[in-house]
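Text of run_16.txt, listed as compact mmCIF, C-alpha atoms:
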```txt
# COMPACT_ATOMS: atom_id res chain seq x y z
CA MET A 8 10.06 29.53 -4.97
CA GLU A 9 8.64 28.94 -1.51
CA LEU A 10 7.67 25.30 -1.08
CA LYS A 11 4.27 24.61 0.48
CA ARG A 12 3.66 22.41 3.50
CA VAL A 13 1.52 19.34 2.81
CA VAL A 14 -0.80 17.55 5.22
CA ILE A 15 -3.13 14.55 5.13
CA THR A 16 -6.78 15.35 5.77
CA GLY A 17 -8.62 12.17 4.80
CA VAL A 18 -8.07 8.42 4.51
CA GLY A 19 -9.99 5.40 3.25
CA ALA A 20 -9.14 1.70 3.39
CA LEU A 21 -10.47 -1.54 1.94
CA THR A 22 -8.27 -4.38 3.14
CA PRO A 23 -8.23 -8.10 3.96
CA ILE A 24 -8.54 -7.24 7.66
CA GLY A 25 -11.08 -4.42 7.48
CA ASN A 26 -13.34 -2.84 4.88
CA ASN A 27 -12.91 0.69 6.24
CA LYS A 28 -10.21 2.57 8.12
CA GLU A 29 -11.68 1.94 11.58
CA ASP A 30 -11.97 -1.82 11.17
CA TYR A 31 -8.58 -1.94 9.47
CA TRP A 32 -6.91 -0.24 12.43
CA THR A 33 -8.77 -2.30 15.04
CA ASN A 34 -7.56 -5.54 13.49
CA LEU A 35 -4.03 -4.22 12.98
CA GLU A 36 -3.86 -3.43 16.67
CA LYS A 37 -5.22 -6.86 17.58
CA GLY A 38 -2.77 -8.64 15.27
CA ILE A 39 -5.42 -10.36 13.15
CA SER A 40 -4.34 -12.41 10.13
CA GLY A 41 -6.29 -11.82 6.93
CA ALA A 42 -5.14 -15.08 5.32
CA GLY A 43 -7.37 -17.99 4.42
CA PRO A 44 -8.24 -20.44 1.65
CA ILE A 45 -8.79 -18.81 -1.75
CA THR A 46 -12.46 -18.39 -2.66
CA ARG A 47 -12.04 -16.36 -5.90
CA PHE A 48 -11.39 -19.57 -7.89
CA ASP A 49 -10.71 -23.27 -7.30
CA PRO A 50 -7.02 -23.38 -6.23
CA GLU A 51 -6.77 -27.17 -5.86
CA LYS A 52 -4.09 -27.60 -8.54
CA PHE A 53 -2.02 -24.59 -7.47
CA LYS A 54 1.05 -24.80 -5.26
CA THR A 55 -0.41 -21.99 -3.15
CA GLN A 56 -4.06 -22.34 -2.22
CA PHE A 57 -4.55 -19.40 0.13
CA ALA A 58 -4.38 -15.60 0.10
CA CYS A 59 -5.47 -12.51 2.01
CA GLU A 60 -8.81 -11.77 0.34
CA ILE A 61 -11.22 -8.95 1.16
CA LYS A 62 -14.02 -10.38 3.29
CA ASN A 63 -17.79 -9.97 2.82
CA TYR A 64 -17.38 -8.08 -0.45
CA ASP A 65 -20.21 -7.72 -2.94
CA ALA A 66 -19.78 -5.15 -5.70
CA ASN A 67 -23.55 -4.67 -5.82
CA ASP A 68 -23.45 -3.24 -2.30
CA HIS A 69 -21.44 -0.31 -3.69
CA PHE A 70 -22.42 0.06 -7.36
CA ASP A 71 -25.50 -0.57 -9.43
CA ARG A 72 -25.24 -3.76 -11.49
CA LYS A 73 -24.59 -2.02 -14.80
CA GLU A 74 -21.91 0.22 -13.32
CA ALA A 75 -20.16 -2.69 -11.58
CA ARG A 76 -19.91 -4.64 -14.85
CA LYS A 77 -17.94 -1.77 -16.39
CA MET A 78 -15.21 -1.89 -13.72
CA ASP A 79 -12.56 -4.45 -12.91
CA PRO A 80 -12.34 -5.26 -9.17
CA ASN A 81 -9.10 -3.25 -9.07
CA THR A 82 -11.06 -0.11 -9.96
CA GLN A 83 -13.99 -1.01 -7.74
CA TYR A 84 -11.66 -1.22 -4.74
CA GLY A 85 -10.11 2.13 -5.61
CA MET A 86 -13.49 3.83 -5.98
CA ILE A 87 -14.64 2.54 -2.57
CA ALA A 88 -11.50 3.60 -0.69
CA GLY A 89 -11.46 6.91 -2.55
CA GLU A 90 -15.05 7.64 -1.56
CA GLU A 91 -14.25 6.99 2.11
CA ALA A 92 -11.27 9.36 1.95
CA VAL A 93 -13.30 12.14 0.30
CA LYS A 94 -16.01 11.82 2.94
CA ASP A 95 -13.45 11.61 5.72
CA CYS A 96 -11.78 14.88 4.74
CA GLY A 97 -15.06 16.82 5.03
CA LEU A 98 -14.80 18.29 1.55
CA ASN A 99 -17.68 20.49 0.33
CA LEU A 100 -18.00 19.45 -3.29
CA GLU A 101 -20.30 22.37 -4.03
CA THR A 102 -17.83 25.10 -3.09
CA ILE A 103 -14.38 23.60 -3.73
CA ASP A 104 -12.36 24.81 -6.73
CA LYS A 105 -12.30 21.52 -8.63
CA ASP A 106 -9.65 22.80 -11.04
CA SER A 107 -7.22 22.71 -8.11
CA VAL A 108 -7.95 19.12 -7.03
CA GLY A 109 -6.18 16.18 -8.68
CA VAL A 110 -6.06 12.38 -8.54
CA ILE A 111 -2.79 10.44 -8.69
CA TRP A 112 -3.22 6.70 -8.25
CA GLY A 113 -0.95 3.67 -8.18
CA SER A 114 -1.38 0.05 -9.21
CA GLY A 115 1.18 -2.56 -10.15
CA ILE A 116 -1.00 -4.63 -12.49
CA GLY A 117 -4.41 -3.00 -12.94
CA GLY A 118 -7.33 -4.91 -14.41
CA LEU A 119 -5.84 -8.39 -14.23
CA LYS A 120 -9.15 -10.23 -13.82
CA THR A 121 -10.55 -8.50 -16.88
CA PHE A 122 -7.51 -9.33 -18.99
CA THR A 123 -7.43 -12.94 -17.80
CA ASP A 124 -11.16 -13.50 -18.37
CA GLU A 125 -11.09 -12.03 -21.87
CA ALA A 126 -7.99 -13.98 -22.89
CA VAL A 127 -9.40 -17.26 -21.54
CA ALA A 128 -12.75 -16.71 -23.29
CA PHE A 129 -11.02 -16.01 -26.61
CA GLY A 130 -8.73 -19.02 -26.22
CA GLN A 131 -11.69 -21.31 -25.56
CA GLY A 132 -13.64 -20.00 -28.54
CA ASP A 133 -13.45 -20.71 -32.25
CA GLY A 134 -11.09 -17.83 -32.99
CA THR A 135 -13.82 -15.30 -33.67
CA PRO A 136 -13.02 -12.10 -31.74
CA ARG A 137 -15.91 -11.45 -29.36
CA PHE A 138 -14.34 -9.07 -26.87
CA ASN A 139 -16.24 -7.00 -24.35
CA PRO A 140 -16.43 -3.37 -25.53
CA PHE A 141 -15.30 -2.34 -22.05
CA PHE A 142 -12.28 -4.68 -22.14
CA ILE A 143 -9.66 -1.97 -22.64
CA PRO A 144 -11.04 0.70 -20.26
CA LYS A 145 -11.60 -1.95 -17.58
CA MET A 146 -8.03 -3.21 -17.92
CA ILE A 147 -5.89 -0.07 -18.06
CA ILE A 148 -4.30 1.12 -14.82
CA ASP A 149 -5.11 4.79 -15.30
CA ILE A 150 -8.86 4.20 -15.47
CA THR A 151 -9.13 4.34 -11.66
CA PRO A 152 -7.88 7.94 -11.32
CA GLY A 153 -9.90 8.76 -14.41
CA LEU A 154 -13.14 7.45 -12.92
CA LEU A 155 -12.44 9.08 -9.55
CA SER A 156 -12.00 12.43 -11.29
CA ILE A 157 -15.20 11.91 -13.28
CA LYS A 158 -17.15 10.99 -10.13
CA TYR A 159 -16.09 14.12 -8.23
CA GLY A 160 -15.34 16.51 -11.07
CA PHE A 161 -11.68 16.93 -10.04
CA ARG A 162 -9.88 18.59 -12.96
CA GLY A 163 -6.35 18.90 -11.55
CA PRO A 164 -3.37 16.60 -12.25
CA ASN A 165 -4.61 13.13 -13.10
CA TYR A 166 -2.59 10.02 -13.91
CA ALA A 167 -1.38 6.63 -12.65
CA THR A 168 1.98 5.52 -11.32
CA VAL A 169 3.30 2.02 -12.04
CA SER A 170 6.35 0.65 -10.23
CA ALA A 171 5.23 -2.81 -9.12
CA CYS A 172 4.93 -2.94 -5.32
CA ALA A 173 6.19 0.64 -4.95
CA SER A 174 3.37 2.06 -7.14
CA SER A 175 1.16 3.70 -4.53
CA ASN A 176 4.08 5.10 -2.55
CA HIS A 177 5.23 6.71 -5.80
CA ALA A 178 1.71 8.10 -6.24
CA ILE A 179 1.73 9.60 -2.74
CA TYR A 180 5.18 11.07 -3.27
CA ASP A 181 4.17 12.59 -6.62
CA ALA A 182 1.07 14.10 -5.02
CA TYR A 183 3.23 15.58 -2.26
CA THR A 184 5.61 17.07 -4.84
CA TYR A 185 2.86 18.70 -6.92
CA LEU A 186 1.32 20.22 -3.82
CA ARG A 187 4.66 21.51 -2.53
CA LEU A 188 5.21 23.22 -5.87
CA GLY A 189 1.77 24.84 -5.78
CA LYS A 190 0.48 22.92 -8.80
CA ALA A 191 -2.69 21.91 -6.93
CA LYS A 192 -4.43 22.50 -3.59
CA MET A 193 -5.60 18.95 -2.92
CA ILE A 194 -4.86 15.53 -4.43
CA LEU A 195 -6.69 12.27 -3.87
CA THR A 196 -3.96 9.63 -3.98
CA GLY A 197 -3.28 6.02 -3.04
CA GLY A 198 -3.52 2.72 -4.83
CA SER A 199 -5.51 -0.41 -5.48
CA GLU A 200 -4.87 -3.99 -6.55
CA ALA A 201 -7.03 -7.03 -7.22
CA GLY A 202 -4.32 -9.62 -7.60
CA VAL A 203 -5.97 -12.71 -6.12
CA GLN A 204 -6.53 -14.13 -9.59
CA ILE A 205 -5.64 -17.37 -11.39
CA SER A 206 -2.93 -15.73 -13.47
CA ALA A 207 -1.30 -13.91 -10.53
CA VAL A 208 -1.19 -16.92 -8.22
CA GLY A 209 0.07 -19.12 -11.06
CA GLY A 210 2.65 -16.56 -12.12
CA PHE A 211 4.00 -15.88 -8.65
CA ASN A 212 4.07 -19.63 -7.95
CA ALA A 213 6.12 -20.16 -11.10
CA MET A 214 8.76 -17.75 -9.82
CA LYS A 215 8.62 -19.31 -6.32
CA ALA A 216 7.68 -16.01 -4.70
CA LEU A 217 4.62 -17.15 -2.69
CA SER A 218 4.44 -19.04 0.56
CA GLU A 219 3.24 -22.61 0.10
CA ARG A 220 2.22 -23.16 3.71
CA ASN A 221 -1.20 -24.55 2.74
CA ASP A 222 -1.56 -26.47 5.99
CA ASP A 223 -1.43 -23.24 8.05
CA PRO A 224 -2.31 -20.20 5.94
CA PHE A 225 -3.08 -17.97 8.93
CA THR A 226 0.57 -17.97 9.98
CA ALA A 227 2.09 -18.13 6.50
CA SER A 228 3.09 -14.46 6.28
CA ARG A 229 6.12 -14.50 8.59
CA PRO A 230 8.30 -11.43 8.03
CA TYR A 231 11.72 -11.83 9.70
CA ASP A 232 11.01 -15.37 10.90
CA LYS A 233 13.67 -18.00 10.17
CA ASP A 234 11.12 -20.23 8.47
CA ARG A 235 9.52 -17.66 6.15
CA ASP A 236 8.99 -19.13 2.70
CA GLY A 237 7.55 -16.32 0.57
CA PHE A 238 4.86 -13.67 0.63
CA VAL A 239 1.09 -14.08 0.91
CA LEU A 240 -0.90 -12.39 -1.84
CA GLY A 241 -3.34 -9.71 -0.72
CA GLU A 242 -5.86 -7.38 -2.35
CA GLY A 243 -7.57 -4.08 -1.63
CA ALA A 244 -7.03 -0.33 -1.72
CA GLY A 245 -5.89 2.61 0.33
CA ALA A 246 -6.70 6.28 -0.31
CA LEU A 247 -5.36 9.51 1.18
CA ILE A 248 -6.27 13.14 0.72
CA LEU A 249 -3.12 15.24 0.58
CA GLU A 250 -3.69 18.95 0.91
CA GLU A 251 -1.70 22.15 0.95
CA LEU A 252 -1.58 23.26 4.59
CA GLU A 253 -3.04 26.77 4.27
CA HIS A 254 -5.89 25.43 2.13
CA ALA A 255 -6.65 22.79 4.79
CA LYS A 256 -6.59 25.37 7.59
CA ALA A 257 -8.80 27.77 5.65
CA ARG A 258 -11.58 25.21 5.40
CA GLY A 259 -11.14 23.95 8.96
CA ALA A 260 -10.04 20.47 7.94
CA LYS A 261 -9.03 17.76 10.38
CA ILE A 262 -5.32 17.05 9.96
CA TYR A 263 -3.99 13.53 10.47
CA ALA A 264 -0.32 14.31 9.91
CA GLU A 265 2.15 16.23 7.77
CA VAL A 266 4.18 14.77 4.91
CA LEU A 267 7.75 15.70 5.81
CA GLY A 268 9.62 14.25 2.86
CA GLY A 269 10.30 11.26 0.70
CA GLY A 270 12.83 9.54 -1.50
CA MET A 271 13.08 7.41 -4.62
CA SER A 272 15.89 5.22 -5.90
CA ALA A 273 16.68 2.21 -8.09
CA ASP A 274 18.73 -0.87 -7.31
CA ALA A 275 19.86 -1.13 -10.97
CA TYR A 276 20.65 -4.75 -10.23
CA HIS A 277 18.06 -7.48 -10.93
CA ILE A 278 14.46 -7.85 -12.09
CA THR A 279 13.24 -9.39 -8.82
CA ALA A 280 16.09 -9.81 -6.30
CA PRO A 281 17.19 -6.93 -4.05
CA HIS A 282 20.73 -5.63 -4.34
CA PRO A 283 22.90 -7.83 -2.07
CA GLU A 284 24.57 -4.78 -0.51
CA GLY A 285 21.28 -2.90 -0.12
CA ILE A 286 22.51 0.09 -2.12
CA GLY A 287 19.09 1.25 -3.33
CA VAL A 288 17.40 0.60 0.01
CA THR A 289 19.92 2.60 2.01
CA LYS A 290 19.94 5.45 -0.49
CA VAL A 291 16.16 5.82 -0.55
CA MET A 292 15.91 6.11 3.23
CA ARG A 293 18.76 8.61 3.30
CA TYR A 294 17.13 10.66 0.52
CA ALA A 295 13.88 10.77 2.51
CA LEU A 296 15.63 11.87 5.70
CA GLU A 297 17.56 14.52 3.79
CA GLU A 298 14.45 15.96 2.17
CA ALA A 299 12.60 15.96 5.50
CA GLY A 300 15.57 17.78 7.05
CA ILE A 301 15.66 15.56 10.11
CA PRO A 302 18.31 13.39 11.78
CA VAL A 303 17.97 9.63 11.99
CA THR A 304 17.22 9.98 15.70
CA ALA A 305 13.92 11.72 14.90
CA ILE A 306 12.32 8.55 13.50
CA ASP A 307 10.25 6.56 15.99
CA TYR A 308 8.78 3.83 13.77
CA ILE A 309 9.46 2.25 10.39
CA ASN A 310 6.72 0.34 8.59
CA THR A 311 8.95 -1.87 6.49
CA HIS A 312 8.41 -3.44 3.10
CA GLY A 313 8.84 -6.74 4.97
CA THR A 314 7.21 -9.15 2.54
CA SER A 315 8.25 -12.43 4.25
CA THR A 316 10.77 -13.40 1.57
CA PRO A 317 14.20 -14.76 2.58
CA LEU A 318 16.33 -12.23 0.69
CA GLY A 319 14.13 -9.15 0.92
CA ASP A 320 13.55 -9.14 4.67
CA ALA A 321 17.19 -9.61 5.57
CA GLY A 322 18.33 -6.99 3.05
CA GLU A 323 15.96 -4.33 4.34
CA ILE A 324 17.03 -4.88 7.93
CA ARG A 325 20.69 -4.60 6.92
CA GLY A 326 19.83 -1.33 5.16
CA ILE A 327 18.07 0.04 8.25
CA LYS A 328 21.10 -0.76 10.40
CA GLN A 329 23.42 0.96 7.92
CA VAL A 330 21.29 4.12 7.79
CA PHE A 331 20.25 4.42 11.43
CA GLY A 332 23.31 3.04 13.21
CA ASP A 333 22.83 2.88 16.98
CA HIS A 334 19.39 4.47 16.70
CA ALA A 335 18.16 1.35 14.88
CA TYR A 336 17.98 -0.30 18.31
CA LYS A 337 15.73 2.47 19.66
CA LEU A 338 13.20 2.26 16.82
CA ASN A 339 10.06 0.25 16.55
CA ILE A 340 10.03 -1.69 13.29
CA SER A 341 7.15 -3.78 11.99
CA SER A 342 5.70 -5.32 8.87
CA THR A 343 1.92 -5.07 8.66
CA LYS A 344 2.07 -7.43 5.66
CA SER A 345 2.14 -10.14 8.30
CA MET A 346 -1.57 -9.36 8.70
CA THR A 347 -2.76 -7.95 5.36
CA GLY A 348 -0.57 -9.99 3.07
CA HIS A 349 1.16 -8.21 0.20
CA LEU A 350 -1.21 -5.85 -1.63
CA LEU A 351 1.34 -5.33 -4.43
CA GLY A 352 0.75 -1.87 -5.94
CA ALA A 353 -1.66 -0.93 -3.15
CA ALA A 354 0.77 -1.84 -0.36
CA GLY A 355 2.30 1.61 0.06
CA ALA A 356 -1.06 3.34 0.48
CA VAL A 357 -2.47 0.82 2.95
CA GLU A 358 0.76 0.82 4.95
CA SER A 359 0.94 4.63 4.94
CA ILE A 360 -2.49 4.63 6.56
CA ALA A 361 -1.15 2.25 9.22
CA CYS A 362 1.63 4.78 9.85
CA LEU A 363 -0.80 7.70 10.11
CA LEU A 364 -2.99 5.84 12.59
CA ALA A 365 0.07 4.79 14.60
CA LEU A 366 0.93 8.49 14.90
CA ASP A 367 -2.62 9.29 15.96
CA LYS A 368 -3.07 6.44 18.44
CA GLY A 369 0.44 6.16 19.87
CA ILE A 370 0.41 2.44 19.13
CA ILE A 371 2.78 0.43 16.91
CA PRO A 372 1.04 -2.36 14.98
CA PRO A 373 2.83 -5.69 15.32
CA THR A 374 4.69 -8.11 13.10
CA ILE A 375 2.66 -11.23 13.79
CA ASN A 376 3.56 -14.88 13.17
CA HIS A 377 7.03 -14.77 14.65
CA PHE A 378 8.14 -18.13 16.01
CA THR A 379 11.87 -18.57 15.38
CA ASP A 380 14.66 -15.98 15.31
CA ASP A 381 16.65 -15.79 12.09
CA PRO A 382 20.42 -15.56 12.68
CA GLU A 383 20.59 -13.33 9.59
CA ILE A 384 18.36 -10.75 11.31
CA ASP A 385 19.59 -8.93 14.41
CA SER A 386 17.42 -10.12 17.30
CA ALA A 387 18.35 -7.06 19.35
CA LEU A 388 16.19 -4.89 17.10
CA ASN A 389 12.63 -4.19 18.21
CA LEU A 390 10.66 -5.78 15.38
CA THR A 391 7.42 -5.50 17.41
CA PHE A 392 6.84 -9.22 17.30
CA ASN A 393 3.35 -10.66 17.83
CA HIS A 394 1.82 -7.85 19.91
CA ALA A 395 1.18 -4.14 19.38
CA GLN A 396 3.24 -1.80 21.54
CA LYS A 397 2.35 1.57 23.03
CA ARG A 398 4.80 4.34 22.32
CA ASP A 399 4.99 8.10 21.92
CA VAL A 400 5.10 8.32 18.11
CA ASN A 401 6.01 11.61 16.44
CA ILE A 402 7.68 10.76 13.13
CA VAL A 403 7.36 7.59 11.06
CA MET A 404 8.81 6.17 7.86
CA SER A 405 7.09 3.91 5.33
CA ASN A 406 9.16 1.82 2.89
CA THR A 407 8.02 0.03 -0.26
CA PHE A 408 10.15 -1.69 -2.89
CA GLY A 409 9.12 -3.19 -6.23
CA PHE A 410 10.24 -5.74 -8.79
CA GLY A 411 12.57 -4.01 -11.20
CA GLY A 412 14.49 -2.45 -8.31
CA HIS A 413 12.12 0.45 -7.58
CA ASN A 414 12.45 1.87 -4.05
CA THR A 415 10.39 4.50 -2.25
CA SER A 416 10.36 5.88 1.26
CA ILE A 417 8.00 8.48 2.75
CA ILE A 418 8.18 10.23 6.11
CA PHE A 419 5.11 11.44 8.04
CA GLY A 420 5.09 13.50 11.21
CA LYS A 421 2.58 14.82 13.71
CA TYR A 422 1.31 18.17 12.51
CA LYS A 423 2.69 21.15 14.40
CA ASP A 424 1.39 24.62 13.58
```
Represent the structure contained in this file as structure tokens.
Amino acid sequence: MELKRVVITGVGALTPIGNNKEDYWTNLEKGISGAGPITRFDPEKFKTQFACEIKNYDANDHFDRKEARKMDPNTQYGMIAGEEAVKDCGLNLETIDKDSVGVIWGSGIGGLKTFTDEAVAFGQGDGTPRFNPFFIPKMIIDITPGLLSIKYGFRGPNYATVSACASSNHAIYDAYTYLRLGKAKMILTGGSEAGVQISAVGGFNAMKALSERNDDPFTASRPYDKDRDGFVLGEGAGALILEELEHAKARGAKIYAEVLGGGMSADAYHITAPHPEGIGVTKVMRYALEEAGIPVTAIDYINTHGTSTPLGDAGEIRGIKQVFGDHAYKLNISSTKSMTGHLLGAAGAVESIACLLALDKGIIPPTINHFTDDPEIDSALNLTFNHAQKRDVNIVMSNTFGFGGHNTSIIFGKYKD
């Protein structure tokens, strides 16, 4: 079987530093922090009282009131980013073969606000079950790809991927695989998460995963800094249109980049901690390079998982040094979570878009909030601290890792006919 080439022809973003792809990129380049005091609920009694929330968001600006009430914010975010990607790719919905277009979507948690609200309401009641009839469809993770397919009539492959913070990278990789195999012509993929909720902040605080830098939230996400103390919770969505190359060319589509390959692995070690020897991390990057058929020296930029946790950041950097050897010192490396916070299951999609725009603009987005070198992290590496850097960018890698030991890596390159 001849494998098809796969390209990206549309993107959409709804993030804590921009409610569309243009604003998202502008603020990435400027090194803007999306962190601030939590407004979704009163956080006074929580150890962490800040997050990277979406700004100036009103569901009624995007949906009629009745429609909005049927969707958890997680799904709302996905629908908005998905719509931007569909428009961006210039798709003619009247002429496209909708049987050949699918939706594969990732989320780590799904409708958390819906579940929390319904559980709290029941617990505060007299025991009589008075649940919202939309409770289950609002909560389930696969409702977002379902509603996207209903909105556009896409009847191709349709499902959700769930692998904690690796969820949307898994969705992108699955979409790439189906297209390579000729199982579809186009797939709308990506991920969404609406995790700035009472239960998420409380839960992550209980496991001591979040930064507690309440006196300075804007600089709290500090990947690779000696004084990092945990990740900053984010929310939002990223969407990409992946398309079989000949199909894209036939309709005259704009091409952002080509998907060159990807990899998946498991640490098989611990529910939350990375493997101390970085076995899964090194394997997943090597798998991606092998599938792409390129040497380590071809990579110009790695958008790292880089969550701002003590163990995770150091482990990923050790893995990069093991895989790339001397070339590690010629790479640009950065964590855009320093600006967006950690979007959990949506992280891979939003960070893949950062990679695509870095390819397009020839600019590496920075790792902001670096103040003190960590002796555990090689200071000779170019971690793109505090300011964006111009560079000729041809091939990039995006890493995401999830609780449970799930690892994914995807490689994008400039499209060459």
Using all atoms listed in the file, tabulate the residues of segment 192-290 of chain A lying at most 10 Å from any atom of segment 172-185 of chain A, each with its closest atom pair and that distance in Å to one decimal, by chain and increasing residue number, as JSON lines.
```
{"residue": "A:Lys192", "atom": "CA", "partner": "A:Tyr185", "partner_atom": "CA", "distance": 8.9}
{"residue": "A:Met193", "atom": "CA", "partner": "A:Ala182", "partner_atom": "CA", "distance": 8.5}
{"residue": "A:Ile194", "atom": "CA", "partner": "A:Ala182", "partner_atom": "CA", "distance": 6.1}
{"residue": "A:Leu195", "atom": "CA", "partner": "A:Ala182", "partner_atom": "CA", "distance": 8.1}
{"residue": "A:Thr196", "atom": "CA", "partner": "A:Ile179", "partner_atom": "CA", "distance": 5.8}
{"residue": "A:Gly197", "atom": "CA", "partner": "A:Ser175", "partner_atom": "CA", "distance": 5.2}
{"residue": "A:Gly198", "atom": "CA", "partner": "A:Ser175", "partner_atom": "CA", "distance": 4.8}
{"residue": "A:Ser199", "atom": "CA", "partner": "A:Ser175", "partner_atom": "CA", "distance": 7.9}
{"residue": "A:Glu200", "atom": "CA", "partner": "A:Cys172", "partner_atom": "CA", "distance": 9.9}
{"residue": "A:Ala244", "atom": "CA", "partner": "A:Ser175", "partner_atom": "CA", "distance": 9.6}
{"residue": "A:Gly245", "atom": "CA", "partner": "A:Ser175", "partner_atom": "CA", "distance": 8.6}
{"residue": "A:Ala246", "atom": "CA", "partner": "A:Ser175", "partner_atom": "CA", "distance": 9.3}
{"residue": "A:Leu247", "atom": "CA", "partner": "A:Ile179", "partner_atom": "CA", "distance": 8.1}
{"residue": "A:Ile248", "atom": "CA", "partner": "A:Ala182", "partner_atom": "CA", "distance": 9.4}
{"residue": "A:Leu249", "atom": "CA", "partner": "A:Tyr183", "partner_atom": "CA", "distance": 7.0}
{"residue": "A:Glu250", "atom": "CA", "partner": "A:Tyr183", "partner_atom": "CA", "distance": 8.3}
{"residue": "A:Glu251", "atom": "CA", "partner": "A:Tyr183", "partner_atom": "CA", "distance": 8.8}
{"residue": "A:Val266", "atom": "CA", "partner": "A:Tyr183", "partner_atom": "CA", "distance": 7.3}
{"residue": "A:Leu267", "atom": "CA", "partner": "A:Tyr183", "partner_atom": "CA", "distance": 9.3}
{"residue": "A:Gly268", "atom": "CA", "partner": "A:Tyr180", "partner_atom": "CA", "distance": 8.2}
{"residue": "A:Gly269", "atom": "CA", "partner": "A:Tyr180", "partner_atom": "CA", "distance": 6.5}
{"residue": "A:Gly270", "atom": "CA", "partner": "A:Tyr180", "partner_atom": "CA", "distance": 8.0}
{"residue": "A:Met271", "atom": "CA", "partner": "A:His177", "partner_atom": "CA", "distance": 8.0}
```
Quiz item: Can you tell me how far atom CA of Glu60 of chain A sits from atom CA of Glu242 of chain A, in Å to one decimal?
Solution: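 Atom CA of Glu242 of chain A lies 5.9 Å from atom CA of Glu60 of chain A.
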Exercise. Would you mind telling me which residue in A:Lys54, A:Gly355, A:Lys145, A:Asn414 lies nearest to Met214 of chain A when using all atoms listed in the file?
Key: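 Under the stated criterion, the closest residue is A:Lys54.
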Quiz prompt | Distance query Ile205 of chain A at most 10 Å, only C-alpha atoms, self and fewer than 5 positions along chain excluded, as a ChimeraX atom specification | solution = /A:47-50,53,119-120,123-124,210
Quiz prompt | Using all atoms listed in the file: which of A:Asp274, A:Asp424, A:Glu358, A:Asp320 has the shortest distance to Glu253 of chain A | solution =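 That would be A:Asp424, the residue with the smallest distance to Glu253 of chain A.
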Exercise. Find the spatial neighbours of Gly319 of chain A, counting all atoms listed in the file, within a cut-off of 8 Å - ignore same-chain residues fewer than 4 positions away - and output them as a list in words.
Key: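 Here the answer would be Ala280, Pro281, Gly313, Thr314, Ser315 and Glu323 of chain A.
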Quiz item: Which residues, written as an MDAnalysis selection string, have at least one atom at most 7 Å from Ala20 of chain A, with only C-alpha atoms counted and residues fewer than 2 positions away on the same chain left out?
Solution: chainID A and resid 18 22 26:28 88 244:246 357
Quiz prompt | Nearest-residue call for Ile340 of chain A, choices A:Gln396, A:Asn376, A:Asn389, A:Thr82, using all atoms listed in the file | solution =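 With all atoms listed in the file as the atom set, the closest residue is A:Asn389.
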Quiz prompt | Sphere at (0.4, -6.8, 7.2), radius 12 Å, counting only C-alpha atoms: residues as a PyMOL selection string | solution = chain A and resi 22-25+31-32+34-42+59+225-230+238-242+310-315+341-351+354-355+357-362+372-376+393
Self-check item: Of the listed residues A:Asp385, A:Asp104, A:Asp133, A:Asp149, that which approaches Ile116 of chain A most closely, counting only C-alpha atoms
Solution: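 Once distances to Ile116 of chain A are computed over only C-alpha atoms, the minimum belongs to A:Asp149.
If you count all atoms listed in the file and ignore residues fewer than 2 places along the chain from Ile309 of chain A, what sits within 8 Å of it is Ile306, Asp307, Thr311, Leu338, Asn339, Ile340, Ser341, Val403, Met404, Ser405 and Asn406 of chain A.
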Exercise. Could you jot down the atom CA of Ser107 of chain A to atom CA of Lys190 of chain A separation for me, Å, one decimal place?
Key: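 Atom-to-atom, atom CA of Ser107 of chain A and atom CA of Lys190 of chain A are spaced 7.7 Å apart.
Distance-wise, atom CA of Asp333 of chain A and atom CA of His413 of chain A end up 26.9 Å apart.
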Write out as JSON lines a residue-level contact list of segment 43-159 of chain A versus segment 163-170 of chain A with cut-off 9 Å: for each qualifying residue the closest pair of atoms and the distance in Å to one decimal, counting only C-alpha atoms, rows sorted by chain and residue number upward.
```
{"residue": "A:Lys105", "atom": "CA", "partner": "A:Gly163", "partner_atom": "CA", "distance": 7.1}
{"residue": "A:Asp106", "atom": "CA", "partner": "A:Gly163", "partner_atom": "CA", "distance": 5.1}
{"residue": "A:Ser107", "atom": "CA", "partner": "A:Gly163", "partner_atom": "CA", "distance": 5.2}
{"residue": "A:Val108", "atom": "CA", "partner": "A:Gly163", "partner_atom": "CA", "distance": 4.8}
{"residue": "A:Gly109", "atom": "CA", "partner": "A:Gly163", "partner_atom": "CA", "distance": 4.0}
{"residue": "A:Val110", "atom": "CA", "partner": "A:Asn165", "partner_atom": "CA", "distance": 4.8}
{"residue": "A:Ile111", "atom": "CA", "partner": "A:Tyr166", "partner_atom": "CA", "distance": 5.2}
{"residue": "A:Trp112", "atom": "CA", "partner": "A:Ala167", "partner_atom": "CA", "distance": 4.8}
{"residue": "A:Gly113", "atom": "CA", "partner": "A:Thr168", "partner_atom": "CA", "distance": 4.7}
{"residue": "A:Ser114", "atom": "CA", "partner": "A:Val169", "partner_atom": "CA", "distance": 5.8}
{"residue": "A:Gly115", "atom": "CA", "partner": "A:Val169", "partner_atom": "CA", "distance": 5.4}
{"residue": "A:Ile116", "atom": "CA", "partner": "A:Val169", "partner_atom": "CA", "distance": 7.9}
{"residue": "A:Ile148", "atom": "CA", "partner": "A:Ala167", "partner_atom": "CA", "distance": 6.6}
{"residue": "A:Asp149", "atom": "CA", "partner": "A:Ala167", "partner_atom": "CA", "distance": 4.9}
{"residue": "A:Ile150", "atom": "CA", "partner": "A:Ala167", "partner_atom": "CA", "distance": 8.4}
{"residue": "A:Thr151", "atom": "CA", "partner": "A:Ala167", "partner_atom": "CA", "distance": 8.1}
{"residue": "A:Pro152", "atom": "CA", "partner": "A:Tyr166", "partner_atom": "CA", "distance": 6.2}
{"residue": "A:Gly153", "atom": "CA", "partner": "A:Asn165", "partner_atom": "CA", "distance": 7.0}
{"residue": "A:Ser156", "atom": "CA", "partner": "A:Asn165", "partner_atom": "CA", "distance": 7.6}
```
